[in-house]
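A.B. asks: Compact mmCIF, C-alpha atoms, saved as my_file_27.txt, coming up:
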```txt
# COMPACT_ATOMS: atom_id res chain seq x y z
CA MET R 1 102.09 105.18 139.60
CA LYS R 2 99.27 105.90 137.21
CA ASN R 3 97.01 102.92 136.69
CA LYS R 4 97.14 102.12 132.97
CA ILE R 5 95.07 98.95 133.15
CA VAL R 6 91.60 99.41 131.68
CA THR R 7 88.79 97.29 130.29
CA VAL R 8 88.20 96.95 126.56
CA GLU R 9 85.16 99.24 126.93
CA GLU R 10 87.22 101.93 128.69
CA ALA R 11 89.93 101.61 126.04
CA MET R 12 87.33 102.12 123.29
CA SER R 13 86.36 105.49 124.80
CA HIS R 14 89.69 106.76 123.41
CA ILE R 15 88.84 105.80 119.81
CA HIS R 16 86.38 107.93 117.87
CA ASP R 17 84.63 107.83 114.52
CA GLY R 18 86.97 109.17 111.84
CA ASP R 19 90.19 108.58 113.82
CA THR R 20 93.45 107.50 112.24
CA VAL R 21 94.35 104.19 113.86
CA MET R 22 97.57 102.21 113.52
CA ILE R 23 97.09 98.49 114.12
CA GLY R 24 100.04 96.16 114.67
CA GLY R 25 100.36 92.70 113.18
CA PHE R 26 101.38 90.88 110.05
CA MET R 27 98.54 88.88 108.48
CA ALA R 28 96.92 88.90 111.95
CA CYS R 29 100.01 87.50 113.73
CA GLY R 30 100.64 90.12 116.42
CA THR R 31 97.34 91.92 115.91
CA PRO R 32 95.47 92.83 119.14
CA GLU R 33 92.28 90.86 118.50
CA ILE R 34 90.45 91.99 121.64
CA LEU R 35 90.84 95.65 120.63
CA VAL R 36 89.68 94.89 117.07
CA ASP R 37 86.66 93.12 118.59
CA GLY R 38 86.07 96.18 120.77
CA ILE R 39 85.86 98.46 117.73
CA VAL R 40 83.43 96.09 116.03
CA LYS R 41 81.26 95.84 119.15
CA LYS R 42 81.15 99.59 119.73
CA GLU R 43 80.42 100.14 116.02
CA ILE R 44 83.11 102.78 115.59
CA ARG R 45 83.06 103.92 111.96
CA GLU R 46 84.90 105.87 109.25
CA LEU R 47 88.34 104.87 110.54
CA HIS R 48 91.50 105.50 108.61
CA VAL R 49 93.63 102.43 109.33
CA ILE R 50 97.39 102.24 108.90
CA ALA R 51 98.61 98.64 108.99
CA ASN R 52 100.80 96.18 107.13
CA ASP R 53 97.80 94.43 105.58
CA SER R 54 94.05 94.00 105.91
CA GLY R 55 94.23 90.68 107.74
CA ILE R 56 92.37 87.62 106.63
CA PRO R 57 88.60 87.09 106.72
CA GLY R 58 87.49 86.57 110.32
CA ARG R 59 90.88 87.47 111.80
CA GLY R 60 92.69 90.68 112.70
CA ILE R 61 91.83 93.67 110.59
CA GLY R 62 89.68 91.36 108.45
CA LYS R 63 87.01 91.76 111.14
CA LEU R 64 87.05 95.56 110.72
CA ILE R 65 86.76 95.18 106.95
CA SER R 66 83.74 92.87 107.35
CA ALA R 67 82.15 95.29 109.85
CA LYS R 68 82.66 98.18 107.39
CA ALA R 69 84.38 100.15 110.14
CA ILE R 70 87.11 101.37 107.78
CA LYS R 71 86.80 104.28 105.36
CA SER R 72 90.37 104.13 104.10
CA ILE R 73 93.41 101.96 104.67
CA THR R 74 97.12 102.52 104.11
CA ALA R 75 98.79 99.12 103.80
CA SER R 76 101.42 97.17 101.87
CA HIS R 77 99.29 94.17 100.99
CA ILE R 78 95.57 93.34 100.81
CA GLY R 79 95.78 90.14 98.76
CA LEU R 80 94.94 87.64 101.51
CA ASN R 81 91.59 89.29 102.20
CA PRO R 82 89.29 89.15 99.15
CA GLU R 83 86.70 91.28 100.97
CA THR R 84 89.11 94.24 100.97
CA GLY R 85 89.50 94.06 97.20
CA ALA R 86 85.73 93.75 96.75
CA GLN R 87 85.02 96.82 98.92
CA MET R 88 87.74 98.74 97.06
CA VAL R 89 86.25 97.87 93.66
CA ASN R 90 82.72 98.89 94.65
CA GLY R 91 83.93 102.18 96.11
CA GLU R 92 83.22 101.50 99.81
CA LEU R 93 86.87 101.53 100.82
CA GLU R 94 89.85 103.65 99.78
CA VAL R 95 93.14 101.76 99.63
CA GLU R 96 96.59 103.34 99.53
CA LEU R 97 99.32 100.79 98.88
CA VAL R 98 102.81 101.49 100.21
CA PRO R 99 105.92 99.26 99.94
CA GLN R 100 106.29 97.40 103.23
CA GLY R 101 109.74 98.76 104.04
CA SER R 102 108.64 102.31 103.25
CA LEU R 103 105.57 101.87 105.44
CA ALA R 104 107.77 100.81 108.36
CA GLU R 105 110.13 103.75 107.90
CA LYS R 106 107.27 106.27 107.46
CA ILE R 107 105.87 105.15 110.80
CA ARG R 108 109.31 105.19 112.40
CA ALA R 109 109.83 108.73 111.07
CA GLY R 110 106.49 109.75 112.55
CA GLY R 111 107.51 108.47 115.96
CA ALA R 112 111.10 109.65 115.81
CA GLY R 113 110.48 113.27 114.87
CA LEU R 114 111.97 113.00 111.40
CA GLY R 115 110.70 115.14 108.55
CA GLY R 116 110.57 112.23 106.15
CA VAL R 117 112.61 109.39 104.72
CA LEU R 118 114.68 109.11 101.54
CA THR R 119 114.31 105.67 99.96
CA PRO R 120 115.26 104.15 96.60
CA THR R 121 112.27 101.82 96.89
CA GLY R 122 109.55 102.64 94.37
CA VAL R 123 111.64 104.81 92.04
CA GLY R 124 110.34 104.33 88.49
CA THR R 125 107.09 102.75 89.69
CA ASP R 126 103.57 104.01 90.40
CA VAL R 127 104.67 104.53 94.01
CA GLU R 128 106.49 107.71 93.02
CA ASN R 129 103.27 109.39 91.80
CA GLY R 130 102.71 112.65 93.66
CA LYS R 131 105.96 112.36 95.61
CA GLN R 132 109.05 114.54 95.54
CA LYS R 133 112.23 112.95 94.24
CA ILE R 134 115.74 113.91 95.13
CA THR R 135 119.11 112.86 93.69
CA LEU R 136 121.99 112.58 96.13
CA ALA R 137 125.46 111.34 95.13
CA GLY R 138 123.98 110.15 91.84
CA VAL R 139 121.23 108.04 93.38
CA GLU R 140 117.56 108.84 92.98
CA TYR R 141 115.35 108.67 96.08
CA LEU R 142 111.69 109.20 96.86
CA ILE R 143 110.82 111.43 99.77
CA GLU R 144 108.39 109.46 101.90
CA MET R 145 106.56 111.56 104.47
CA PRO R 146 106.09 110.53 108.12
CA LEU R 147 102.95 108.80 109.32
CA LYS R 148 101.30 109.50 112.66
CA ALA R 149 98.04 108.36 114.19
CA ASP R 150 95.47 109.34 116.78
CA VAL R 151 95.62 105.88 118.29
CA ALA R 152 97.92 102.87 117.98
CA LEU R 153 96.58 99.42 118.86
CA ILE R 154 99.40 97.11 119.86
CA ARG R 155 99.68 93.49 120.96
CA GLY R 156 102.16 92.60 123.71
CA SER R 157 103.07 89.09 124.82
CA ILE R 158 104.16 90.20 128.29
CA VAL R 159 103.41 93.71 129.58
CA ASP R 160 104.26 95.01 133.02
CA LYS R 161 101.86 97.29 134.86
CA ALA R 162 104.00 100.32 133.99
CA GLY R 163 103.54 99.53 130.28
CA ASN R 164 106.90 98.00 129.34
CA VAL R 165 106.27 95.53 126.52
CA TYR R 166 107.88 92.29 125.39
CA TYR R 167 106.80 90.82 122.04
CA ASN R 168 107.29 87.10 121.40
CA ALA R 169 108.73 85.71 118.15
CA THR R 170 107.17 87.17 114.97
CA THR R 171 104.46 89.09 116.83
CA LYS R 172 106.81 92.10 116.89
CA ASN R 173 106.56 93.19 113.26
CA PHE R 174 104.97 96.67 113.18
CA ASN R 175 104.05 96.81 116.88
CA PRO R 176 107.16 98.47 118.43
CA CYS R 177 107.31 101.03 115.65
CA MET R 178 103.63 101.95 115.83
CA ALA R 179 103.84 102.32 119.62
CA THR R 180 106.01 105.39 119.02
CA ALA R 181 103.88 107.13 116.43
CA ALA R 182 100.42 107.72 117.94
CA LYS R 183 98.97 110.19 120.43
CA THR R 184 97.31 107.39 122.37
CA VAL R 185 98.79 103.90 122.56
CA ILE R 186 96.70 100.98 123.77
CA VAL R 187 98.33 97.60 124.34
CA ALA R 188 96.41 94.34 124.47
CA ALA R 189 98.41 92.08 126.76
CA GLU R 190 98.57 88.32 126.64
CA LYS R 191 100.07 88.40 130.13
CA ILE R 192 100.32 91.28 132.61
CA VAL R 193 103.08 91.16 135.25
CA GLU R 194 104.10 93.35 138.18
CA VAL R 195 106.61 96.14 137.66
CA GLY R 196 110.08 94.65 138.06
CA GLU R 197 109.13 91.20 136.83
CA LEU R 198 110.02 91.98 133.23
CA ASP R 199 113.81 91.92 132.77
CA PRO R 200 114.85 95.36 131.43
CA ASN R 201 116.89 93.50 128.80
CA GLN R 202 113.67 92.04 127.41
CA VAL R 203 111.78 95.31 127.10
CA MET R 204 111.15 96.14 123.44
CA THR R 205 108.77 99.06 123.91
CA PRO R 206 109.55 101.36 126.84
CA ALA R 207 106.61 102.08 129.14
CA ILE R 208 106.62 105.81 128.38
CA PHE R 209 105.04 105.09 125.00
CA VAL R 210 102.10 103.16 126.44
CA ASP R 211 98.95 104.88 127.72
CA TYR R 212 96.58 102.00 128.39
CA ILE R 213 96.88 98.25 128.95
CA VAL R 214 94.05 95.80 128.39
CA GLY R 215 94.45 92.23 129.61
CA GLY R 216 92.90 89.09 128.17
CA GLU R 217 94.53 88.92 124.75
CA VAL R 218 94.98 85.31 123.68
CA MET X 1 108.45 63.10 86.67
CA ALA X 2 109.41 66.42 88.21
CA THR X 3 107.04 69.31 87.66
CA GLU X 4 108.18 72.48 85.87
CA LYS X 5 108.26 74.25 89.21
CA GLU X 6 110.51 71.60 90.76
CA LEU X 7 112.89 71.82 87.81
CA ILE X 8 113.09 75.59 88.17
CA ALA X 9 113.60 75.40 91.93
CA ARG X 10 116.37 72.81 91.53
CA ARG X 11 118.26 74.98 89.06
CA VAL X 12 117.83 78.14 91.16
CA ALA X 13 119.20 76.29 94.18
CA GLN X 14 122.53 75.94 92.35
CA GLU X 15 122.90 79.72 92.32
CA LEU X 16 123.13 80.00 96.08
CA GLN X 17 126.50 80.10 97.84
CA ASP X 18 127.39 78.69 101.21
CA GLY X 19 126.73 81.38 103.84
CA ASP X 20 124.28 83.43 101.76
CA VAL X 21 121.46 85.33 103.44
CA VAL X 22 118.45 84.65 101.23
CA ASN X 23 114.86 85.87 101.10
CA LEU X 24 112.46 83.59 99.25
CA GLY X 25 109.23 84.92 97.80
CA ILE X 26 105.91 83.18 98.32
CA GLY X 27 105.09 80.24 96.02
CA LEU X 28 107.64 78.63 93.72
CA PRO X 29 110.69 80.29 95.39
CA THR X 30 109.96 78.60 98.71
CA LEU X 31 110.66 75.24 97.01
CA VAL X 32 114.28 76.26 96.43
CA SER X 33 115.46 75.42 99.94
CA ASN X 34 114.46 71.77 99.33
CA TYR X 35 117.17 71.40 96.68
CA LEU X 36 120.28 73.00 98.14
CA PRO X 37 123.53 71.13 97.52
CA LYS X 38 124.73 69.28 100.64
CA ASP X 39 127.66 71.60 101.35
CA VAL X 40 125.63 74.81 100.94
CA HIS X 41 124.07 76.24 104.07
CA ILE X 42 122.11 79.44 103.77
CA THR X 43 120.37 81.70 106.25
CA LEU X 44 116.77 82.35 105.34
CA GLN X 45 115.34 85.77 106.07
CA SER X 46 111.61 86.32 106.34
CA GLU X 47 110.54 89.95 106.06
CA ASN X 48 108.05 89.69 108.89
CA GLY X 49 111.02 89.40 111.22
CA ILE X 50 113.13 86.22 111.15
CA LEU X 51 116.74 85.38 110.32
CA GLY X 52 117.45 81.67 110.53
CA MET X 53 114.02 80.45 109.50
CA GLY X 54 113.58 76.68 109.30
CA GLY X 55 110.80 74.80 107.58
CA LEU X 56 107.04 74.58 107.87
CA CYS X 57 105.80 73.14 111.15
CA GLU X 58 104.34 69.68 111.25
CA SER X 59 100.73 69.61 112.36
CA GLY X 60 100.54 69.88 116.15
CA THR X 61 103.94 71.56 116.59
CA GLU X 62 102.92 75.10 115.59
CA ASP X 63 103.82 78.12 117.73
CA LYS X 64 100.97 80.60 117.26
CA ASP X 65 103.47 83.48 117.51
CA CYS X 66 105.79 82.25 114.76
CA VAL X 67 104.80 82.55 111.12
CA ASN X 68 106.56 83.31 107.84
CA SER X 69 105.66 86.14 105.50
CA GLY X 70 103.04 83.92 103.88
CA ASN X 71 101.34 83.48 107.28
CA GLN X 72 102.36 79.81 107.52
CA HIS X 73 103.60 78.42 110.81
CA VAL X 74 107.34 77.83 110.65
CA ASN X 75 110.08 76.74 112.99
CA VAL X 76 113.44 78.42 113.42
CA LEU X 77 116.94 76.96 113.48
CA PRO X 78 119.50 77.22 116.30
CA GLY X 79 121.02 80.70 116.18
CA ALA X 80 117.91 82.28 114.71
CA CYS X 81 116.64 85.68 115.79
CA TYR X 82 113.47 87.74 115.57
CA PHE X 83 113.15 91.46 114.94
CA ASP X 84 110.64 94.14 114.03
CA SER X 85 109.65 95.34 110.55
CA CYS X 86 112.00 98.35 110.57
CA THR X 87 114.98 96.06 111.18
CA ALA X 88 113.64 93.50 108.69
CA PHE X 89 113.62 96.10 105.93
CA GLY X 90 116.86 97.71 107.09
CA ILE X 91 118.40 94.29 106.42
CA ILE X 92 116.72 94.13 103.01
CA ARG X 93 117.10 97.70 101.80
CA GLY X 94 120.52 98.09 103.37
CA GLY X 95 122.09 95.45 101.13
CA HIS X 96 122.50 92.76 103.77
CA VAL X 97 120.54 90.13 101.82
CA ASP X 98 122.75 88.28 99.33
CA ALA X 99 119.95 87.02 97.11
CA THR X 100 116.22 87.25 96.75
CA ILE X 101 114.26 84.78 94.68
CA LEU X 102 110.93 86.00 93.41
CA GLY X 103 108.25 85.06 90.92
CA ALA X 104 107.25 87.36 88.07
CA LEU X 105 104.36 88.33 85.87
CA GLN X 106 106.76 89.90 83.36
CA VAL X 107 110.48 90.68 83.14
CA ASP X 108 112.06 92.75 80.40
CA GLU X 109 115.50 92.86 78.80
CA THR X 110 116.49 95.87 80.93
CA GLY X 111 115.91 93.88 84.12
CA THR X 112 112.67 95.65 84.94
CA LEU X 113 110.26 93.43 86.84
CA ALA X 114 106.46 93.49 87.00
CA SER X 115 105.15 91.22 89.71
CA HIS X 116 102.67 92.97 91.93
CA ILE X 117 99.67 94.24 90.02
CA VAL X 118 97.39 93.58 87.07
CA PRO X 119 95.32 96.78 86.92
CA GLY X 120 91.61 96.05 87.19
CA LYS X 121 92.20 92.35 87.90
CA MET X 122 94.73 91.63 90.61
CA VAL X 123 95.60 94.38 93.06
CA PRO X 124 97.10 92.60 96.08
CA GLY X 125 99.71 95.24 96.84
CA MET X 126 103.47 95.06 96.60
CA GLY X 127 104.09 93.87 100.13
CA GLY X 128 107.85 93.64 100.56
CA ALA X 129 108.66 92.95 96.89
CA MET X 130 109.66 96.49 95.90
CA ASP X 131 112.12 96.77 98.78
CA LEU X 132 113.52 93.29 98.14
CA VAL X 133 114.20 93.90 94.47
CA VAL X 134 115.81 97.26 95.19
CA GLY X 135 117.88 96.09 98.15
CA ALA X 136 119.06 92.52 97.59
CA LYS X 137 122.55 92.10 96.14
CA LYS X 138 121.28 89.57 93.61
CA VAL X 139 117.74 89.34 92.25
CA ILE X 140 116.85 85.96 90.80
CA ILE X 141 113.52 85.48 89.07
CA ALA X 142 112.12 81.97 89.18
CA THR X 143 109.23 81.66 86.74
CA THR X 144 107.68 79.55 84.05
CA HIS X 145 108.87 80.74 80.65
CA THR X 146 105.38 81.55 79.38
CA VAL X 147 101.88 81.96 80.75
CA LYS X 148 99.14 80.28 78.69
CA GLY X 149 101.60 80.21 75.79
CA ALA X 150 102.35 83.94 75.95
CA PRO X 151 105.93 85.08 76.65
CA LYS X 152 106.73 86.54 80.09
CA LEU X 153 110.23 87.65 79.05
CA LEU X 154 109.63 90.83 77.08
CA LYS X 155 111.29 93.77 75.35
CA LYS X 156 109.46 96.08 77.73
CA VAL X 157 107.07 95.24 80.54
CA THR X 158 103.48 96.27 79.84
CA LEU X 159 102.29 95.92 83.44
CA PRO X 160 103.22 98.53 86.07
CA PRO X 161 106.84 97.95 87.14
CA THR X 162 107.71 96.65 90.60
CA ALA X 163 111.32 97.79 90.22
CA VAL X 164 113.36 99.17 87.34
CA ASN X 165 116.62 97.59 86.03
CA LYS X 166 117.15 95.37 89.07
CA VAL X 167 116.83 91.75 87.89
CA ASN X 168 120.13 89.86 87.52
CA LEU X 169 119.13 86.33 86.54
CA ILE X 170 116.04 84.54 85.22
CA VAL X 171 115.56 80.80 85.62
CA THR X 172 112.72 79.07 83.77
CA GLU X 173 111.94 75.45 82.92
CA LEU X 174 113.56 76.08 79.53
CA ALA X 175 116.46 78.43 80.11
CA VAL X 176 118.84 80.31 82.37
CA ILE X 177 119.13 83.91 81.24
CA GLU X 178 121.39 86.60 82.62
CA VAL X 179 120.26 90.21 82.30
CA THR X 180 123.16 92.22 80.91
CA ALA X 181 123.59 95.82 79.73
CA GLU X 182 123.12 94.48 76.17
CA GLY X 183 119.97 92.49 77.01
CA PHE X 184 119.07 88.87 77.70
CA LEU X 185 122.11 86.59 77.59
CA LEU X 186 121.07 82.96 77.10
CA LYS X 187 123.48 80.96 79.28
CA GLU X 188 121.81 77.56 79.48
CA ILE X 189 118.92 75.73 77.87
CA ALA X 190 117.04 72.61 78.93
CA GLY X 191 118.02 69.33 77.30
CA ASN X 192 114.55 68.90 75.77
CA THR X 193 114.48 72.19 73.82
CA THR X 194 116.42 74.22 71.26
CA VAL X 195 117.71 77.79 71.06
CA GLU X 196 115.15 78.45 68.33
CA GLU X 197 112.29 77.20 70.49
CA VAL X 198 113.40 79.28 73.49
CA GLN X 199 113.66 82.35 71.23
CA ARG X 200 110.20 81.64 69.81
CA LEU X 201 108.80 81.72 73.35
CA THR X 202 110.72 84.88 74.32
CA GLU X 203 109.60 88.28 73.05
CA ALA X 204 112.95 90.03 73.50
CA GLU X 205 115.91 89.02 71.41
CA LEU X 206 118.26 86.53 73.04
CA ILE X 207 122.02 86.88 72.86
CA VAL X 208 123.31 83.30 72.79
CA ASP X 209 126.32 82.82 75.02
CA ALA X 210 129.39 81.56 73.18
CA ASP X 211 129.63 78.98 75.96
CA LEU X 212 125.97 77.90 75.90
CA LYS X 213 125.37 74.96 78.22
CA THR X 214 122.64 72.45 78.87
CA ILE X 215 120.91 72.84 82.23
CA GLU X 216 122.29 70.17 84.56
CA LEU X 217 120.16 69.22 87.53
```
Please rewrite the model in this file as structure tokens.
C.D. replies:
Amino acid sequence: MKNKIVTVEEAMSHIHDGDTVMIGGFMACGTPEILVDGIVKKEIRELHVIANDSGIPGRGIGKLISAKAIKSITASHIGLNPETGAQMVNGELEVELVPQGSLAEKIRAGGAGLGGVLTPTGVGTDVENGKQKITLAGVEYLIEMPLKADVALIRGSIVDKAGNVYYNATTKNFNPCMATAAKTVIVAAEKIVEVGELDPNQVMTPAIFVDYIVGGEV
Amino acid sequence: MATEKELIARRVAQELQDGDVVNLGIGLPTLVSNYLPKDVHITLQSENGILGMGGLCESGTEDKDCVNSGNQHVNVLPGACYFDSCTAFGIIRGGHVDATILGALQVDETGTLASHIVPGKMVPGMGGAMDLVVGAKKVIIATTHTVKGAPKLLKKVTLPPTAVNKVNLIVTELAVIEVTAEGFLLKEIAGNTTVEEVQRLTEAELIVDADLKTIEL
């Protein structure tokens, strides 16, 4: 079996300046903090981040905002991090806002090989700007295109050495979906167990999606 | 003396039916679950991945892995479940939420809601609001009637819309207003006001229900 367990430093060798990076979590709950810290420490720059939100100051993606590691972010909400708004206003950071449900489905489409998603969400709002619309059975939909990434950074509560992942409580959020939609998937594990110790019924992300596992997430 | 927000939350609570699946927006709407009638039990959905959400955790009992969509530590009730964001929004967009209760910056007489952006001033992002307003079976707006004396219930929203023609009911400290094909239907007014006063504080024209009632809390 391939050894997927690496150090934070080894994991960072797979992230490069200018990469598109998906980061799991919802207001920092379920965000892999040790991988975020790794990006800050290595001073990786010009990232395009795809995430639910921009974290809160000092936590989650908030640390990448403070470190000015992000060139642009696609998210559903930036309101709990005033620094994001400030960087957007002064032109340091590009922000694309996407409805949360559309963001989830765009990522799912990226991972599931779909050409896009038809959604009624955003019809008649600024969200439809620049997007194709289609009317089916009398209902208007926006065509939302798939999202993919170079790297996905995921947080697992229990991960076996093969890469099967269990997410506890509300740490799931965008993590399982993002694990399907990136070329390289790195999981920060709160607990690493031997293969066979994780009940197959509890596996939420199959090991085939996971490339690297980093222990020590808290 | 109850605050305006408590009055609104108490009246909104009367709209919920036993067995409803309900998503409460951040702020005023979260107060609603404090005022449910005794025989009404609802299932709270949180869009970050909970059905069967309980209340806020008391200090010292927090589970670091369990928060609501406002990033507050919550507990869950027996029978609760967790899921990922795709499932959370499948539930919302797919019409499996009976009611959503949200705040508003503006609502107009066509049921169009503006709640997520003030260009140049407040750009937090729409979060889950656009999906909720499109997908929930019933959209209830819980808001103060005016902001700094200016009406929030308008002929046409001037801020960018969050969703078009989706609001069903508006509950304020002064009135309960149903959004109909003809416009705002004034169903109830508070005991301490008059139809004329409510109209004065509402930009759009009110159709007064033949069976106009006083808000009972």
A.B. asks: Restricting the calculation to all atoms listed in the file: of R:His16, R:Lys71, R:Lys183, R:Lys106, which residue gets closest to Ala152 (chain R)?
C.D. replies: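 Looking at the shortest contact to Ala152 (chain R), the residue is R:Lys183.
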A.B. asks: Taking all atoms listed in the file into account, which of R:Gln87, R:Thr20, R:Ser72, R:Thr125 comes nearest chain X?
C.D. replies: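 For chain X, the nearest of the given residues is R:Thr125.
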A.B. asks: Can you work out which residues from chain R touch chain X at a cut-off of 8 Å (counting only C-alpha atoms) and hand them back as a PyMOL selection string?
C.D. replies: chain R and resi 26-27+29-30+76-80+85+97-102+104-105+108+120-126+168-177
A.B. asks: Rounded to one decimal in Å, what is the spacing between CA of Thr180 (chain R) and CA of Thr84 (chain R)?
C.D. replies: 27.1 Å
A.B. asks: State, in Å with one decimal place, the distance from CA of Ala13 (chain X) to CA of Val118 (chain X).
C.D. replies: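 Taking CA of Ala13 (chain X) and CA of Val118 (chain X), their separation equals 28.7 Å.
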A.B. asks: What's the separation between CA of Glu190 (chain R) and CA of Glu9 (chain R), in Å to one decimal place?
C.D. replies: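 Straight-line distance from CA of Glu190 (chain R) to CA of Glu9 (chain R) works out to 17.3 Å.
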A.B. asks: Taking all atoms of region 32-36 of chain X that appear in the file, build a box with edges along x, y and z, extend it by 4 Å on every side, and state its centre and edge lengths in Å to one decimal, as lines of an AutoDock Vina configuration file.
C.D. replies:
```
center_x = 117.3
center_y = 73.8
center_z = 98.2
size_x = 14.0
size_y = 12.9
size_z = 11.5
```
A.B. asks: Could you give me, as a ChimeraX atom specification, the residues that have an atom at most 12 Å away from the point (109.4, 76.3, 71.4) in the coordinates of the file, using all atoms listed in the file?
C.D. replies: /X:145-146,149-151,173-175,189-190,192-202
A.B. asks: Which of these, X:Gly191, X:Ile170, X:Ala9, X:Gly94, has the shortest distance to Thr119 (chain R) once you count all atoms listed in the file?
C.D. replies: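 Looking only at the distances to Thr119 (chain R), the closest residue turns out to be X:Gly94.
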A.B. asks: Quick one: residues within 8 Å of Ala179 (chain R), all atoms listed in the file, excluding same-chain residues fewer than 3 positions away - as a tab-separated table (two decimals) with C-alpha atoms, keeping the file's coordinate frame?
C.D. replies:
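Result file is selection-v9.tsv:
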```tsv
chain	number	residue	atom	x	y	z
R	152	ALA	CA	97.92	102.87	117.98
R	153	LEU	CA	96.58	99.42	118.86
R	154	ILE	CA	99.40	97.11	119.86
R	175	ASN	CA	104.05	96.81	116.88
R	176	PRO	CA	107.16	98.47	118.43
R	182	ALA	CA	100.42	107.72	117.94
R	185	VAL	CA	98.79	103.90	122.56
R	205	THR	CA	108.77	99.06	123.91
R	209	PHE	CA	105.04	105.09	125.00
R	210	VAL	CA	102.10	103.16	126.44
```
A.B. asks: Identify the residues within 12 Å of coordinate (86.0, 105.8, 112.1) (same frame as the file), considering only C-alpha atoms, and give the answer as number ranges by chain.
C.D. replies: R: 12, 14-21, 39-40, 42-49, 64-65, 67-73, 150-151
A.B. asks: Mind checking which residues fall within 7 Å of Gly110 (chain R), counting only C-alpha atoms, ignoring those fewer than 3 positions away in the same chain, and posting them as an mmCIF file with C-alpha atoms, keeping the file's coordinate frame?
C.D. replies:
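Generated file (out-v3.cif):
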```
data_model
loop_
_atom_site.group_PDB
_atom_site.id
_atom_site.type_symbol
_atom_site.label_atom_id
_atom_site.label_comp_id
_atom_site.auth_asym_id
_atom_site.auth_seq_id
_atom_site.Cartn_x
_atom_site.Cartn_y
_atom_site.Cartn_z
ATOM 1 C CA LYS R 106 107.270 106.270 107.460
ATOM 2 C CA ILE R 107 105.870 105.150 110.800
ATOM 3 C CA GLY R 113 110.480 113.270 114.870
ATOM 4 C CA LEU R 114 111.970 113.000 111.400
ATOM 5 C CA PRO R 146 106.090 110.530 108.120
ATOM 6 C CA LEU R 147 102.950 108.800 109.320
ATOM 7 C CA LYS R 148 101.300 109.500 112.660
ATOM 8 C CA ALA R 181 103.880 107.130 116.430
#
```
A.B. asks: List as a VMD selection string the protein and nucleic acid residues near Asn201 (chain R), meaning an atom at most 12 Å away when all atoms listed in the file are counted, but skip any in the same chain fewer than 4 places from it.
C.D. replies: chain R and resid 164 to 166 196 to 197 205 to 206
A.B. asks: With only C-alpha atoms as the basis for distance, which of R:Ala162, R:Ala75, R:Ile134, R:Leu93 is at the shortest distance from Met22 (chain R)?
C.D. replies: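 Of R:Ala162, R:Ala75, R:Ile134, R:Leu93, the one nearest Met22 (chain R), counting only C-alpha atoms, is R:Ala75.
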A.B. asks: Would you please work out which residue, of R:Leu118, R:Ile143, R:Leu103, R:Val36, is nearest to Ala51 (chain R) when using all atoms listed in the file?
C.D. replies: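 The answer is R:Leu103, which sits nearest to Ala51 (chain R).
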A.B. asks: Between R:Ala86, R:Ile208, R:Leu35, R:Ile50, which is the closest to Lys63 (chain R) once you count all atoms listed in the file?
C.D. replies: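 Among R:Ala86, R:Ile208, R:Leu35, R:Ile50, it is R:Leu35 that comes nearest to Lys63 (chain R).
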